[in-house]
$ cat coords-v6.cif   # mmCIF, C-alpha atoms, pLDDT in the B column; chains and numbers go by the auth columns
data_protein
loop_
_atom_site.group_PDB
_atom_site.id
_atom_site.type_symbol
_atom_site.label_atom_id
_atom_site.label_comp_id
_atom_site.label_asym_id
_atom_site.label_seq_id
_atom_site.Cartn_x
_atom_site.Cartn_y
_atom_site.Cartn_z
_atom_site.B_iso_or_equiv
_atom_site.auth_seq_id
_atom_site.auth_asym_id
ATOM 1 C CA MET A 1 135.813 156.742 76.822 49.00 1 A
ATOM 2 C CA PHE A 2 133.356 159.568 76.310 53.00 2 A
ATOM 3 C CA GLY A 3 130.245 157.378 76.371 51.00 3 A
ATOM 4 C CA PHE A 4 129.626 158.030 80.046 51.00 4 A
ATOM 5 C CA LEU A 5 129.814 161.803 79.487 48.00 5 A
ATOM 6 C CA LYS A 6 126.827 161.625 77.140 51.00 6 A
ATOM 7 C CA TRP A 7 124.933 159.742 79.839 48.00 7 A
ATOM 8 C CA MET A 8 125.855 162.353 82.466 47.00 8 A
ATOM 9 C CA ALA A 9 124.820 165.249 80.229 45.00 9 A
ATOM 10 C CA LYS A 10 121.176 164.114 80.170 46.00 10 A
ATOM 11 C CA PRO A 11 119.001 166.130 82.562 46.00 11 A
ATOM 12 C CA PHE A 12 117.717 164.208 85.553 42.00 12 A
ATOM 13 C CA VAL A 13 114.008 164.826 86.065 42.00 13 A
ATOM 14 C CA LYS A 14 112.441 163.595 89.272 41.00 14 A
ATOM 15 C CA GLN A 15 108.703 163.010 89.205 45.00 15 A
ATOM 16 C CA VAL A 16 107.212 164.627 92.313 49.00 16 A
ATOM 17 C CA PRO A 17 103.783 163.422 93.393 61.00 17 A
ATOM 18 C CA SER A 18 101.183 166.103 93.964 76.00 18 A
ATOM 19 C CA VAL A 19 101.246 167.556 97.453 85.00 19 A
ATOM 20 C CA THR A 20 97.993 167.304 99.390 89.00 20 A
ATOM 21 C CA ALA A 21 96.986 169.300 102.442 90.00 21 A
ATOM 22 C CA PHE A 22 93.921 169.647 104.637 91.00 22 A
ATOM 23 C CA CYS A 23 91.783 172.663 103.713 91.00 23 A
ATOM 24 C CA MET A 24 89.990 174.284 106.644 89.00 24 A
ATOM 25 C CA LYS A 25 87.256 175.738 104.402 92.00 25 A
ATOM 26 C CA CYS A 26 86.433 172.480 102.560 90.00 26 A
ATOM 27 C CA LYS A 27 87.112 170.245 105.595 91.00 27 A
ATOM 28 C CA ASP A 28 88.827 167.739 103.288 91.00 28 A
ATOM 29 C CA THR A 29 92.255 167.033 101.796 91.00 29 A
ATOM 30 C CA HIS A 30 92.902 168.456 98.330 91.00 30 A
ATOM 31 C CA PRO A 31 95.957 168.901 96.060 91.00 31 A
ATOM 32 C CA MET A 32 97.854 172.169 96.482 89.00 32 A
ATOM 33 C CA ASN A 33 98.368 174.755 93.737 87.00 33 A
ATOM 34 C CA GLU A 34 101.324 177.192 93.601 85.00 34 A
ATOM 35 C CA VAL A 35 103.367 175.275 96.192 86.00 35 A
ATOM 36 C CA LYS A 36 106.313 177.080 97.783 86.00 36 A
ATOM 37 C CA GLU A 37 108.576 176.139 100.684 86.00 37 A
ATOM 38 C CA VAL A 38 108.659 178.506 103.663 86.00 38 A
ATOM 39 C CA LEU A 39 110.856 178.503 106.777 87.00 39 A
ATOM 40 C CA LEU A 40 108.888 178.947 110.012 85.00 40 A
ATOM 41 C CA LYS A 41 110.127 180.841 113.073 86.00 41 A
ATOM 42 C CA ASN A 42 110.787 177.638 115.015 84.00 42 A
ATOM 43 C CA GLY A 43 113.134 176.295 112.283 83.00 43 A
ATOM 44 C CA ARG A 44 110.738 173.908 110.578 86.00 44 A
ATOM 45 C CA ARG A 45 109.983 173.843 106.869 86.00 45 A
ATOM 46 C CA SER A 46 106.432 174.290 105.640 86.00 46 A
ATOM 47 C CA LEU A 47 104.793 173.941 102.242 87.00 47 A
ATOM 48 C CA ARG A 48 102.267 176.671 101.486 88.00 48 A
ATOM 49 C CA GLY A 49 99.892 176.998 98.597 89.00 49 A
ATOM 50 C CA SER A 50 96.262 177.336 97.643 91.00 50 A
ATOM 51 C CA CYS A 51 93.477 174.763 97.679 91.00 51 A
ATOM 52 C CA ASN A 52 92.646 173.197 94.333 89.00 52 A
ATOM 53 C CA ALA A 53 88.892 173.161 95.087 90.00 53 A
ATOM 54 C CA CYS A 54 88.073 176.477 96.802 91.00 54 A
ATOM 55 C CA GLY A 55 91.228 178.590 96.373 89.00 55 A
ATOM 56 C CA GLY A 56 91.786 179.062 100.117 92.00 56 A
ATOM 57 C CA ASN A 57 95.245 179.145 101.690 92.00 57 A
ATOM 58 C CA VAL A 58 96.561 175.757 102.874 92.00 58 A
ATOM 59 C CA SER A 59 99.776 174.800 104.645 90.00 59 A
ATOM 60 C CA ARG A 60 101.594 171.561 105.433 90.00 60 A
ATOM 61 C CA ILE A 61 104.547 171.244 107.810 89.00 61 A
ATOM 62 C CA SER A 62 107.216 169.160 106.103 82.00 62 A
ATOM 63 C CA GLY A 63 110.039 168.739 108.623 75.00 63 A
ATOM 64 C CA LEU A 64 113.148 170.126 110.301 70.00 64 A
ATOM 65 C CA VAL A 65 115.923 171.999 108.524 65.00 65 A
ATOM 66 C CA ALA A 66 119.063 169.889 108.370 55.00 66 A
#
$ encode --input "coords-v6.cif" --output "structure tokens"
Amino acid sequence: MFGFLKWMAKPFVKQVPSVTAFCMKCKDTHPMNEVKEVLLKNGRRSLRGSCNACGGNVSRISGLVA
């Protein structure tokens, strides 16, 4: 009876692939460091972080807020 409770108690970890964005300084796509989600004024979500290669600020628009 309690076997399924042990299964439910295990933490669920989702593997997230690294987020890439186009860096305007490098003129190439690179993985983002310190990624955070930001809400733009027009209601869209954006991922902001820093470039892995040069350290510049990069942003990627991810979609609409549901």
$ residues_around --input "coords-v6.cif" --residues "range 17-31 of chain A" --least-positions-apart "4" --cutoff "6 Å" --atoms "only C-alpha atoms" --output "PyMOL selection string"
chain A and resi 52+58+60
$ resolve_selection --input "coords-v6.cif" --expression "the PyMOL selection byres ((chain A and resi 34) around 10)" --output "PDB file with C-alpha atoms, keeping the file's coordinate frame"
ATOM      1  CA  MET A  32      97.854 172.169  96.482  1.00 89.00           C
ATOM      2  CA  ASN A  33      98.368 174.755  93.737  1.00 87.00           C
ATOM      3  CA  VAL A  35     103.367 175.275  96.192  1.00 86.00           C
ATOM      4  CA  LYS A  36     106.313 177.080  97.783  1.00 86.00           C
ATOM      5  CA  LEU A  47     104.793 173.941 102.242  1.00 87.00           C
ATOM      6  CA  ARG A  48     102.267 176.671 101.486  1.00 88.00           C
ATOM      7  CA  GLY A  49      99.892 176.998  98.597  1.00 89.00           C
ATOM      8  CA  SER A  50      96.262 177.336  97.643  1.00 91.00           C
ATOM      9  CA  CYS A  51      93.477 174.763  97.679  1.00 91.00           C
ATOM     10  CA  ASN A  52      92.646 173.197  94.333  1.00 89.00           C
TER      11      ASN A  52
END
$ residues_near_point --input "coords-v6.cif" --point "(109.8, 176.4, 114.6)" --cutoff "12 Å" --atoms "only C-alpha atoms" --output "list in words"
Val38, Leu39, Leu40, Lys41, Asn42, Gly43, Arg44, Arg45, Ser46, Ile61, Ser62, Gly63, Leu64 and Val65 of chain A
$ write_last_selection --input "coords-v6.cif" --atoms "C-alpha atoms" --output "compact mmCIF listing (two decimals), in the frame of the given file"
# COMPACT_ATOMS: atom_id res chain seq x y z
CA VAL A 38 108.66 178.51 103.66
CA LEU A 39 110.86 178.50 106.78
CA LEU A 40 108.89 178.95 110.01
CA LYS A 41 110.13 180.84 113.07
CA ASN A 42 110.79 177.64 115.02
CA GLY A 43 113.13 176.30 112.28
CA ARG A 44 110.74 173.91 110.58
CA ARG A 45 109.98 173.84 106.87
CA SER A 46 106.43 174.29 105.64
CA ILE A 61 104.55 171.24 107.81
CA SER A 62 107.22 169.16 106.10
CA GLY A 63 110.04 168.74 108.62
CA LEU A 64 113.15 170.13 110.30
CA VAL A 65 115.92 172.00 108.52
$ build_atoms --input "coords-v6.cif" --residues "range 29-52 of chain A" --atoms "N, CA and C atoms" --output "short mmCIF file (atom, residue, chain, number, x, y, z; two decimals), keeping the file's coordinate frame"
data_model
loop_
_atom_site.label_atom_id
_atom_site.label_comp_id
_atom_site.auth_asym_id
_atom_site.auth_seq_id
_atom_site.Cartn_x
_atom_site.Cartn_y
_atom_site.Cartn_z
N THR A 29 90.92 166.89 102.38
CA THR A 29 92.26 167.03 101.80
C THR A 29 92.14 167.21 100.29
N HIS A 30 92.90 168.15 99.76
CA HIS A 30 92.90 168.46 98.33
C HIS A 30 94.34 168.70 97.88
N PRO A 31 94.63 168.55 96.58
CA PRO A 31 95.96 168.90 96.06
C PRO A 31 96.20 170.40 96.18
N MET A 32 97.48 170.76 96.34
CA MET A 32 97.85 172.17 96.48
C MET A 32 98.27 172.75 95.14
N ASN A 33 97.91 173.99 94.89
CA ASN A 33 98.37 174.76 93.74
C ASN A 33 99.41 175.77 94.21
N GLU A 34 100.32 176.15 93.32
CA GLU A 34 101.32 177.19 93.60
C GLU A 34 102.08 176.89 94.90
N VAL A 35 102.67 175.72 94.97
CA VAL A 35 103.37 175.28 96.19
C VAL A 35 104.71 175.97 96.31
N LYS A 36 105.00 176.51 97.50
CA LYS A 36 106.31 177.08 97.78
C LYS A 36 106.73 176.67 99.19
N GLU A 37 108.04 176.55 99.39
CA GLU A 37 108.58 176.14 100.68
C GLU A 37 108.91 177.37 101.51
N VAL A 38 108.49 177.37 102.77
CA VAL A 38 108.66 178.51 103.66
C VAL A 38 109.33 178.01 104.93
N LEU A 39 110.20 178.82 105.51
CA LEU A 39 110.86 178.50 106.78
C LEU A 39 110.09 179.19 107.91
N LEU A 40 109.63 178.40 108.88
CA LEU A 40 108.89 178.95 110.01
C LEU A 40 109.84 179.49 111.07
N LYS A 41 109.30 180.23 112.03
CA LYS A 41 110.13 180.84 113.07
C LYS A 41 110.81 179.82 113.96
N ASN A 42 110.20 178.65 114.14
CA ASN A 42 110.79 177.64 115.02
C ASN A 42 111.79 176.74 114.29
N GLY A 43 112.12 177.03 113.01
CA GLY A 43 113.13 176.30 112.28
C GLY A 43 112.61 175.15 111.44
N ARG A 44 111.31 174.96 111.40
CA ARG A 44 110.74 173.91 110.58
C ARG A 44 110.40 174.44 109.19
N ARG A 45 110.37 173.49 108.23
CA ARG A 45 109.98 173.84 106.87
C ARG A 45 108.49 173.60 106.70
N SER A 46 107.85 174.42 105.89
CA SER A 46 106.43 174.29 105.64
C SER A 46 106.17 174.50 104.15
N LEU A 47 105.22 173.76 103.62
CA LEU A 47 104.79 173.94 102.24
C LEU A 47 103.50 174.72 102.27
N ARG A 48 103.46 175.83 101.53
CA ARG A 48 102.27 176.67 101.49
C ARG A 48 101.79 176.80 100.06
N GLY A 49 100.48 176.86 99.92
CA GLY A 49 99.89 177.00 98.60
C GLY A 49 98.42 177.31 98.72
N SER A 50 97.70 177.08 97.64
CA SER A 50 96.26 177.34 97.64
C SER A 50 95.53 176.04 97.35
N CYS A 51 94.30 175.95 97.85
CA CYS A 51 93.48 174.76 97.68
C CYS A 51 93.03 174.65 96.23
N ASN A 52 93.05 173.44 95.71
CA ASN A 52 92.65 173.20 94.33
C ASN A 52 91.13 173.37 94.15
#
